[in-house]
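**Student:** One file is attached below, structure_17.csv, containing CSV, C-alpha atoms.
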chain,number,residue,atom,x,y,z
A,1,MET,CA,-4.8,19.3,20.3
A,2,LYS,CA,-1.1,18.4,20.6
A,3,GLN,CA,-1.8,15.5,18.2
A,4,LEU,CA,-2.6,17.9,15.3
A,5,PRO,CA,1.0,18.6,14.3
A,6,VAL,CA,1.7,14.8,14.5
A,7,LEU,CA,-1.3,14.0,12.3
A,8,ALA,CA,-0.2,16.7,9.8
A,9,ARG,CA,3.3,15.3,9.6
A,10,VAL,CA,2.3,11.7,9.3
A,11,PHE,CA,-0.3,12.2,6.6
A,12,ALA,CA,1.7,14.7,4.6
A,13,TYR,CA,4.6,12.2,4.6
A,14,VAL,CA,2.4,9.2,3.7
A,15,SER,CA,0.8,11.2,0.8
A,16,LEU,CA,4.2,11.7,-0.8
A,17,LEU,CA,4.5,7.9,-1.2
A,18,THR,CA,1.2,7.4,-3.1
A,19,VAL,CA,3.0,7.0,-6.4
A,20,GLY,CA,0.7,5.1,-8.8
A,21,GLY,CA,-2.2,5.0,-6.2
A,22,GLY,CA,-3.1,5.2,-2.6
A,23,MET,CA,-2.3,1.5,-2.0
A,24,ALA,CA,1.4,2.2,-2.6
A,25,ALA,CA,1.6,4.0,0.7
A,26,PHE,CA,-0.4,1.3,2.6
A,27,PRO,CA,2.7,-0.4,4.3
A,28,GLU,CA,4.0,2.9,5.5
A,29,LEU,CA,0.5,4.0,6.6
A,30,LYS,CA,0.1,0.8,8.6
A,31,THR,CA,3.5,1.2,10.2
A,32,LEU,CA,2.9,4.8,11.3
A,33,THR,CA,-0.8,4.7,12.3
A,34,VAL,CA,-1.0,1.2,13.8
A,35,ASP,CA,2.5,0.3,15.0
A,36,VAL,CA,4.1,3.7,15.9
A,37,HIS,CA,1.2,5.9,17.0
A,38,LYS,CA,-1.3,3.2,17.8
A,39,TRP,CA,-4.2,5.4,16.6
A,40,LEU,CA,-6.1,2.2,15.4
A,41,THR,CA,-5.6,-1.5,15.0
A,42,LEU,CA,-4.6,-3.2,11.7
A,43,GLN,CA,-8.1,-4.7,11.5
A,44,GLN,CA,-9.7,-1.2,11.8
A,45,LEU,CA,-7.3,0.2,9.2
A,46,VAL,CA,-8.2,-2.6,6.7
A,47,HIS,CA,-11.9,-2.0,7.5
A,48,LEU,CA,-11.6,1.7,6.9
A,49,TYR,CA,-9.8,1.2,3.6
A,50,SER,CA,-12.4,-1.3,2.5
A,51,VAL,CA,-15.4,0.9,3.4
A,52,GLY,CA,-13.6,3.7,1.6
A,53,GLN,CA,-14.0,1.7,-1.6
A,54,LEU,CA,-17.8,2.3,-1.2
A,55,ALA,CA,-17.5,6.1,-0.8
A,56,PRO,CA,-17.7,8.3,-3.9
A,57,GLY,CA,-14.8,10.3,-5.2
A,58,PRO,CA,-11.0,9.7,-4.7
A,59,LYS,CA,-10.4,6.4,-3.0
A,60,MET,CA,-8.3,7.4,0.0
A,61,MET,CA,-10.9,9.3,2.0
A,62,MET,CA,-10.5,6.6,4.6
A,63,VAL,CA,-7.7,8.9,6.1
A,64,VAL,CA,-10.5,11.3,7.2
A,65,PRO,CA,-11.9,9.0,9.9
A,66,ILE,CA,-8.4,8.4,11.4
A,67,GLY,CA,-8.1,12.1,11.9
A,68,GLU,CA,-11.6,12.3,13.4
A,69,TRP,CA,-10.8,9.5,15.9
A,70,VAL,CA,-7.6,11.1,17.0
A,71,ALA,CA,-8.7,14.7,17.2
A,72,GLY,CA,-12.3,15.2,16.2
A,73,LEU,CA,-13.4,17.5,13.4
A,74,ALA,CA,-10.1,19.5,13.6
A,75,GLY,CA,-8.2,16.2,13.2
A,76,ALA,CA,-10.2,15.3,10.2
A,77,ALA,CA,-9.6,18.7,8.6
A,78,VAL,CA,-5.9,18.6,9.3
A,79,VAL,CA,-5.5,15.1,7.9
A,80,LEU,CA,-7.5,16.0,4.7
A,81,THR,CA,-5.3,19.1,4.2
A,82,ALA,CA,-2.1,17.3,4.9
A,83,PHE,CA,-2.9,14.3,2.7
A,84,PHE,CA,-4.0,16.3,-0.4
A,85,GLY,CA,-2.3,19.7,0.0
A,86,PRO,CA,1.4,18.9,-0.5
A,87,THR,CA,0.9,16.4,-3.4
A,88,SER,CA,-1.5,18.8,-5.1
A,89,LEU,CA,1.0,21.7,-4.9
A,90,LEU,CA,3.7,19.4,-6.3
A,91,THR,CA,1.4,18.4,-9.2
A,92,LEU,CA,0.5,22.0,-9.9
A,93,ILE,CA,4.1,23.0,-10.2
A,94,VAL,CA,5.2,20.0,-12.3
A,95,GLY,CA,2.1,20.4,-14.4
A,96,ARG,CA,3.1,23.9,-15.3
A,97,LEU,CA,6.6,22.8,-16.1
A,98,TRP,CA,5.5,19.7,-18.0
A,99,GLY,CA,5.6,21.2,-21.5
A,100,ALA,CA,9.1,22.6,-20.9
A,101,LEU,CA,10.2,19.2,-19.5
A,102,ALA,CA,9.2,17.6,-22.9
A,103,ARG,CA,12.7,18.7,-24.2
A,104,TRP,CA,14.3,17.2,-21.1
A,105,ARG,CA,15.3,13.7,-22.2
A,106,TRP,CA,15.2,12.2,-18.7
A,107,ARG,CA,11.4,12.9,-18.5
A,108,ALA,CA,10.6,9.7,-20.5
A,109,SER,CA,13.3,7.8,-18.5
A,110,ILE,CA,11.7,8.8,-15.2
A,111,GLN,CA,8.2,7.8,-16.5
A,112,LYS,CA,9.4,4.4,-17.8
A,113,GLY,CA,11.4,3.7,-14.7
A,114,LEU,CA,8.8,4.6,-12.1
A,115,ALA,CA,6.0,2.7,-13.8
A,116,PRO,CA,7.1,-0.8,-12.7
A,117,VAL,CA,8.3,0.4,-9.3
A,118,SER,CA,4.9,2.0,-8.6
A,119,ILE,CA,3.2,-1.3,-9.6
A,120,GLY,CA,5.5,-3.1,-7.3
A,121,LEU,CA,4.6,-0.7,-4.5
A,122,LEU,CA,0.9,-1.2,-5.2
A,123,LEU,CA,1.3,-4.9,-5.1
A,124,ALA,CA,3.3,-4.8,-1.9
A,125,GLY,CA,0.6,-2.7,-0.3
A,126,SER,CA,-2.2,-5.0,-1.4
A,127,LEU,CA,-0.3,-8.0,0.0
A,128,THR,CA,0.1,-6.3,3.3
A,129,MET,CA,-3.7,-5.7,3.3
A,130,ALA,CA,-4.4,-9.3,2.1
A,131,ARG,CA,-2.5,-10.7,5.0
A,132,ALA,CA,-4.9,-9.0,7.4
A,133,ALA,CA,-8.1,-9.5,5.3
A,134,ILE,CA,-7.7,-13.0,4.1
A,135,THR,CA,-8.0,-15.2,7.2
A,136,ASP,CA,-9.7,-18.4,5.9
A,137,TRP,CA,-10.8,-20.1,2.7
A,138,ILE,CA,-14.1,-18.1,2.6
A,139,THR,CA,-12.4,-14.7,2.6
A,140,ALA,CA,-9.9,-16.1,0.1
A,141,THR,CA,-12.7,-17.3,-2.2
A,142,VAL,CA,-14.5,-13.9,-2.0
A,143,ALA,CA,-11.2,-12.1,-2.8
A,144,ILE,CA,-10.3,-14.4,-5.7
A,145,GLY,CA,-14.0,-14.3,-6.9
A,146,ALA,CA,-13.9,-10.5,-7.0
A,147,LEU,CA,-10.6,-10.5,-8.8
A,148,VAL,CA,-11.7,-12.9,-11.5
A,149,ILE,CA,-15.1,-11.2,-12.1
A,150,LEU,CA,-13.4,-7.8,-12.5
A,151,LEU,CA,-10.8,-9.2,-14.9
A,152,LEU,CA,-13.4,-10.9,-17.1
A,153,ARG,CA,-16.3,-8.5,-17.0
A,154,SER,CA,-16.7,-4.8,-16.7
A,155,VAL,CA,-18.7,-4.6,-13.4
A,156,ASN,CA,-18.8,-1.6,-11.1
A,157,PRO,CA,-16.3,-2.6,-8.4
A,158,ALA,CA,-18.4,-0.9,-5.7
A,159,LEU,CA,-21.2,-3.5,-6.4
A,160,LEU,CA,-18.7,-6.3,-5.7
A,161,VAL,CA,-17.7,-4.8,-2.4
A,162,LEU,CA,-21.4,-4.6,-1.5
A,163,GLY,CA,-21.7,-8.3,-2.5
A,164,GLY,CA,-18.8,-9.0,-0.1
A,165,ALA,CA,-20.8,-7.3,2.7
A,166,ILE,CA,-23.8,-9.5,1.9
A,167,ILE,CA,-21.7,-12.7,1.8
A,168,GLY,CA,-20.0,-11.6,5.0
A,169,ALA,CA,-23.4,-11.1,6.8
A,170,ILE,CA,-24.6,-14.5,5.7
A,171,VAL,CA,-21.5,-16.5,6.4
A,172,PHE,CA,-19.7,-14.9,9.3
A,173,LEU,CA,-22.7,-13.8,11.5
A,174,PRO,CA,-22.6,-16.0,14.7
A,175,ARG,CA,-25.9,-17.7,15.3
B,1,MET,CA,-2.3,31.8,-28.5
B,2,THR,CA,-5.3,33.3,-30.2
B,3,GLU,CA,-7.3,30.1,-30.1
B,4,ILE,CA,-6.9,30.0,-26.3
B,5,ALA,CA,-8.1,33.6,-26.0
B,6,ALA,CA,-11.1,32.8,-28.2
B,7,LYS,CA,-12.3,30.1,-25.9
B,8,PRO,CA,-15.3,31.1,-23.7
B,9,LYS,CA,-14.0,31.7,-20.2
B,10,ILE,CA,-14.8,28.9,-17.8
B,11,SER,CA,-15.7,30.2,-14.3
B,12,THR,CA,-14.3,28.8,-11.1
B,13,GLY,CA,-17.8,28.1,-9.9
B,14,ASP,CA,-18.5,26.0,-13.0
B,15,ILE,CA,-15.3,24.0,-12.3
B,16,PHE,CA,-16.2,23.5,-8.7
B,17,LEU,CA,-19.7,22.3,-9.4
B,18,GLU,CA,-18.6,19.9,-12.1
B,19,PHE,CA,-15.9,18.3,-9.9
B,20,LEU,CA,-18.3,18.3,-7.0
B,21,LEU,CA,-20.7,16.3,-9.2
B,22,ILE,CA,-17.9,13.8,-10.1
B,23,GLY,CA,-16.9,13.6,-6.5
B,24,ALA,CA,-20.4,12.8,-5.4
B,25,THR,CA,-21.4,10.3,-8.1
B,26,SER,CA,-18.3,8.3,-9.0
B,27,PHE,CA,-18.4,4.9,-7.4
B,28,GLY,CA,-15.6,2.4,-8.0
B,29,ASN,CA,-13.0,3.5,-10.5
B,30,ILE,CA,-13.2,7.3,-10.9
B,31,VAL,CA,-11.3,7.6,-14.2
B,32,PRO,CA,-14.2,6.7,-16.5
B,33,TYR,CA,-16.3,9.3,-14.6
B,34,LEU,CA,-13.7,11.9,-15.1
B,35,ARG,CA,-13.4,11.2,-18.8
B,36,ASN,CA,-17.1,11.1,-19.3
B,37,SER,CA,-17.6,14.4,-17.6
B,38,LEU,CA,-14.6,16.4,-18.7
B,39,VAL,CA,-14.0,15.1,-22.2
B,40,ILE,CA,-17.5,14.0,-23.5
B,41,LYS,CA,-20.0,16.2,-21.5
B,42,ARG,CA,-18.1,19.4,-20.9
B,43,ARG,CA,-15.5,19.2,-23.7
B,44,TRP,CA,-13.0,21.0,-21.4
B,45,ILE,CA,-10.2,18.8,-22.8
B,46,ASP,CA,-9.8,16.3,-25.7
B,47,ASP,CA,-9.0,12.6,-25.3
B,48,GLN,CA,-5.3,13.1,-26.1
B,49,GLY,CA,-5.1,15.9,-23.5
B,50,PHE,CA,-6.8,13.7,-20.9
B,51,VAL,CA,-4.4,10.8,-21.5
B,52,GLU,CA,-1.5,13.2,-21.0
B,53,LEU,CA,-3.0,14.5,-17.7
B,54,MET,CA,-3.4,10.8,-16.6
B,55,SER,CA,0.2,10.1,-17.5
B,56,ILE,CA,1.5,13.1,-15.5
B,57,SER,CA,-0.8,12.0,-12.6
B,58,GLU,CA,0.4,8.4,-12.6
B,59,THR,CA,4.1,9.5,-12.4
B,60,LEU,CA,3.6,12.0,-9.5
B,61,PRO,CA,2.7,11.2,-5.9
B,62,GLY,CA,-0.9,11.8,-5.1
B,63,LEU,CA,-4.1,10.1,-6.2
B,64,ASN,CA,-4.9,10.1,-9.9
B,65,ALA,CA,-8.3,11.7,-9.4
B,66,THR,CA,-7.0,14.6,-7.4
B,67,ASN,CA,-4.0,15.1,-9.6
B,68,VAL,CA,-6.2,15.3,-12.7
B,69,ALA,CA,-8.4,17.8,-10.9
B,70,VAL,CA,-5.5,20.0,-10.0
B,71,LEU,CA,-4.0,19.9,-13.5
B,72,LEU,CA,-7.2,20.5,-15.4
B,73,GLY,CA,-8.4,23.1,-13.0
B,74,ASP,CA,-5.1,25.0,-13.4
B,75,ARG,CA,-5.3,24.8,-17.2
B,76,LEU,CA,-8.9,26.1,-17.3
B,77,ALA,CA,-8.6,28.8,-14.7
B,78,GLY,CA,-5.2,29.0,-13.0
B,79,LEU,CA,-4.7,28.5,-9.3
B,80,PRO,CA,-8.4,29.3,-8.3
B,81,GLY,CA,-9.6,26.8,-10.8
B,82,SER,CA,-7.2,24.2,-9.5
B,83,THR,CA,-8.3,24.7,-5.9
B,84,ALA,CA,-12.0,24.7,-6.9
B,85,ALA,CA,-11.5,21.4,-8.7
B,86,LEU,CA,-9.6,19.8,-5.9
B,87,VAL,CA,-12.0,20.8,-3.1
B,88,GLY,CA,-15.0,19.8,-5.3
B,89,VAL,CA,-13.8,16.3,-6.1
B,90,CYS,CA,-12.8,15.6,-2.5
B,91,LEU,CA,-15.7,17.1,-0.5
B,92,PRO,CA,-18.4,14.5,-1.0
B,93,GLY,CA,-16.2,11.5,-0.3
B,94,ALA,CA,-14.6,13.2,2.7
B,95,LEU,CA,-18.0,14.0,4.2
B,96,VAL,CA,-19.2,10.4,3.6
B,97,MET,CA,-16.1,8.9,5.2
B,98,TYR,CA,-16.3,11.4,8.1
B,99,LEU,CA,-19.8,10.1,9.0
B,100,ALA,CA,-18.9,6.5,8.2
B,101,GLY,CA,-15.9,6.8,10.6
B,102,ILE,CA,-18.2,8.0,13.4
B,103,ALA,CA,-20.7,5.3,12.7
B,104,TYR,CA,-18.0,2.7,12.7
B,105,HIS,CA,-16.7,3.9,16.0
B,106,ILE,CA,-20.2,3.5,17.6
B,107,HIS,CA,-21.3,0.3,15.9
B,108,GLY,CA,-18.1,-1.3,14.7
B,109,GLU,CA,-18.1,-4.0,17.4
B,110,ARG,CA,-21.6,-5.3,16.6
B,111,PRO,CA,-21.5,-8.9,15.3
B,112,ILE,CA,-23.4,-8.0,12.1
B,113,VAL,CA,-21.1,-5.1,11.3
B,114,THR,CA,-18.0,-7.2,11.9
B,115,ALA,CA,-19.3,-10.0,9.7
B,116,MET,CA,-20.1,-7.6,6.9
B,117,LEU,CA,-16.8,-5.9,7.1
B,118,LYS,CA,-15.0,-9.2,6.9
B,119,GLY,CA,-16.6,-9.8,3.5
B,120,VAL,CA,-16.1,-6.2,2.5
B,121,ALA,CA,-12.4,-6.4,3.3
B,122,ALA,CA,-12.0,-9.6,1.3
B,123,ALA,CA,-13.8,-8.2,-1.7
B,124,SER,CA,-11.7,-5.0,-1.6
B,125,THR,CA,-8.5,-7.0,-1.6
B,126,GLY,CA,-9.7,-8.7,-4.8
B,127,LEU,CA,-10.6,-5.3,-6.2
B,128,VAL,CA,-7.2,-3.8,-5.5
B,129,LEU,CA,-5.4,-6.8,-7.0
B,130,ALA,CA,-7.6,-6.5,-10.2
B,131,THR,CA,-6.6,-2.8,-10.5
B,132,ILE,CA,-3.0,-3.8,-10.3
B,133,VAL,CA,-3.3,-6.6,-12.9
B,134,GLN,CA,-5.0,-4.1,-15.3
B,135,LEU,CA,-2.3,-1.5,-14.7
B,136,GLY,CA,0.4,-4.1,-15.2
B,137,ARG,CA,-1.1,-5.3,-18.5
B,138,LYS,CA,-1.1,-1.8,-19.7
B,139,SER,CA,2.4,-0.7,-18.6
B,140,LEU,CA,4.7,-3.7,-18.0
B,141,ALA,CA,6.3,-4.7,-21.3
B,142,SER,CA,9.7,-6.3,-20.6
B,143,ILE,CA,11.5,-8.8,-18.4
B,144,ALA,CA,13.3,-5.9,-16.8
B,145,ASP,CA,9.9,-4.3,-15.8
B,146,LEU,CA,8.9,-7.6,-14.1
B,147,VAL,CA,12.2,-7.8,-12.3
B,148,PHE,CA,11.6,-4.2,-10.9
B,149,VAL,CA,8.1,-5.2,-9.8
B,150,VAL,CA,9.4,-8.4,-8.0
B,151,VAL,CA,12.4,-6.6,-6.4
B,152,THR,CA,10.1,-3.8,-5.1
B,153,VAL,CA,7.6,-6.3,-3.6
B,154,LEU,CA,10.3,-8.4,-2.0
B,155,ALA,CA,12.1,-5.3,-0.6
B,156,VAL,CA,8.9,-4.0,1.1
B,157,ASN,CA,7.2,-7.3,2.2
B,158,GLN,CA,10.1,-9.7,2.9
B,159,LEU,CA,13.0,-7.4,3.7
B,160,HIS,CA,10.7,-4.9,5.5
B,161,GLN,CA,12.4,-1.9,3.9
B,162,SER,CA,10.5,1.4,4.2
B,163,VAL,CA,8.5,2.5,1.1
B,164,PRO,CA,10.6,5.7,0.6
B,165,ARG,CA,13.9,3.8,0.7
B,166,VAL,CA,12.6,1.3,-1.9
B,167,LEU,CA,11.1,4.0,-4.0
B,168,LEU,CA,14.5,5.8,-4.1
B,169,CYS,CA,16.8,2.8,-4.6
B,170,VAL,CA,14.8,0.7,-7.0
B,171,GLY,CA,13.3,3.8,-8.6
B,172,LEU,CA,16.8,5.2,-9.3
B,173,ILE,CA,18.0,1.9,-10.8
B,174,ALA,CA,14.9,1.6,-13.0
B,175,VAL,CA,15.2,5.2,-14.2
B,176,LEU,CA,18.9,4.7,-15.0
B,177,TRP,CA,18.0,1.4,-16.8
B,178,TYR,CA,15.7,3.5,-19.1
B,179,ARG,CA,18.3,6.4,-19.3
B,180,PRO,CA,18.2,8.6,-22.4
B,181,GLY,CA,20.0,7.2,-25.4
B,182,GLN,CA,19.4,3.7,-24.0
B,183,GLU,CA,16.7,2.4,-26.4
B,184,ARG,CA,15.3,-0.6,-24.4
B,185,ALA,CA,12.8,-2.8,-26.2
B,186,ARG,CA,9.5,-1.4,-25.0
B,187,ARG,CA,6.0,-1.3,-26.3
B,188,THR,CA,4.7,2.2,-26.5
B,189,PRO,CA,1.3,2.6,-24.8
Hey, can you dump this file as structure tokens for me?
**Tutor:**
Amino acid sequence: MKQLPVLARVFAYVSLLTVGGGMAAFPELKTLTVDVHKWLTLQQLVHLYSVGQLAPGPKMMMVVPIGEWVAGLAGAAVVLTAFFGPTSLLTLIVGRLWGALARWRWRASIQKGLAPVSIGLLLAGSLTMARAAITDWITATVAIGALVILLLRSVNPALLVLGGAIIGAIVFLPR
Amino acid sequence: MTEIAAKPKISTGDIFLEFLLIGATSFGNIVPYLRNSLVIKRRWIDDQGFVELMSISETLPGLNATNVAVLLGDRLAGLPGSTAALVGVCLPGALVMYLAGIAYHIHGERPIVTAMLKGVAAASTGLVLATIVQLGRKSLASIADLVFVVVTVLAVNQLHQSVPRVLLCVGLIAVLWYRPGQERARRTP
């Protein structure tokens, strides 16, 4: 039970870094959950993130099982609230002010400036993940294959993740 | 103001159910599902308004899907609408991942599961990279933008600086680069 405030603090903090997408916060999520609090291993974190791509809805629901592992149902509820509460409140407030902010000349500057930085953060997060997920030429081929297919064709990404599971089962299962 | 008053009132329950449906049926990228449901099916917002909500969502912390839910819910029915949309869009995925987490804890060490997850993680990496390439194509337009991307990546991955520090430092420089009155050559989206 004494883990609940820690969970709340960690996930509220991490959520404030998800500028541009959940992946932007991945390096910080890894540092706090794997290195500092040792709630799970890097491999487990990458697994949860990847399985999360198959779940419906917003793509960061992988935070829920971390809460569940640390403190059961209460942990899951705390993590969910901490991860989505503060950013939603901020969005609600800024959304109501947005029209008034149109006259503020820095609004466009902030949007233009943050766009490349958020893409950089997303890229940094995905490279952190790639280091753990790409371990040999087979995993590299699967990753590059998925990347190329998605850039050339409009395929549902979830199908490609399922394809990855099938390839994994065929190639990596020890016989 | 009269046209807003003339609109039929949208109930909080309606908002909750629509977002619950999106939350339960959207696999892969959620944005097309949001647009399909909110712009085309329900006509709660027009395309231009939807693009504006997306642009606010991308600038702020938080996931695009939940931020759009919060913003549209608020515009349709205030704070209750906003809360209903947020809870609706999150609930199905959260439930699925709650159960998946328990299953992973029990069966995660089985060889078949480990083998499959290795493939899943590799494919997900490709997927995340594809999303970033698509986002970059849309919003990176100058050499300066590319420099900001590279500096951000190097600061996080090579210099091991924390994400908030990088966000503040590089973000501040980039915002000042695009400061008002400074018309940098830039394609408008």
**Student:** As a PyMOL selection string, please: the residues near A:Leu127 (cut-off 9 Å, all atoms listed in the file, same-chain neighbours under 6 positions excluded).
**Tutor:** chain B and resi 125+129+153+157
**Student:** Restricting the calculation to all atoms listed in the file: of A:Ile149, A:Ala158, A:Leu173, A:Ile119, which residue gets closest to B:Arg110?
**Tutor:**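 When distances to B:Arg110 are compared using all atoms listed in the file, the smallest one comes from A:Leu173.
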**Student:** Between atom CA of A:Leu54 and atom CA of B:Ala69, what distance in Å does the model show, to one decimal?
**Tutor:**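 It comes out at 20.6 Å.
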**Student:** Residues of chain B within 6 Å of chain A, using all atoms listed in the file, as JSON, numbers by chain?
**Tutor:** {"B": [23, 24, 25, 26, 27, 28, 58, 60, 61, 62, 63, 65, 93, 94, 98, 101, 112, 115, 116, 118, 119, 120, 121, 122, 123, 124, 125, 126, 127, 130, 145, 148, 149, 152, 153, 171, 174, 175, 178, 179, 180]}
**Student:** Give me, please, the distance in Å between atom CA of B:Leu71 and atom CA of B:Leu53, quoted to one decimal.
**Tutor:**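 Between atom CA of B:Leu71 and atom CA of B:Leu53 the gap works out to 6.9 Å.
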**Student:** Take atom CA of B:Lys41 and atom CA of B:Leu79 and report the distance between them in Å, one decimal.
**Tutor:** 23.1 Å
**Student:** Give me, as a PyMOL selection string, all polymer residues having an atom no more than 12 Å from B:Phe19, counting all atoms listed in the file and skipping those fewer than 4 positions away in the same chain.
**Tutor:** (chain A and resi 56-58) or (chain B and resi 12-15+23-26+30+33-38+42+65-66+68-70+72-73+81-93)
**Student:** Taking all atoms listed in the file into account, name the residue in B:Thr114, B:Gln182, B:Gln161, B:Ser11 that is nearest to B:Gly78.
**Tutor:**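 Under the stated criterion, the closest residue is B:Ser11.
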**Student:** Which polymer residues, whether protein, DNA or RNA, lie within 12 Å of the coordinate (1.2, 6.8, 14.2) when you count only C-alpha atoms? List them as an MDAnalysis selection string, using the chain letters and numbers from the file.
**Tutor:** chainID A and resid 3:11 13:14 28:42 45 66:67 70
**Student:** Here is a test: counting all atoms listed in the file, which residue of B:Arg137, B:Arg75, B:Arg165, B:His160 is nearest to B:Gly49?
**Tutor:**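 Closest candidate: B:Arg75.
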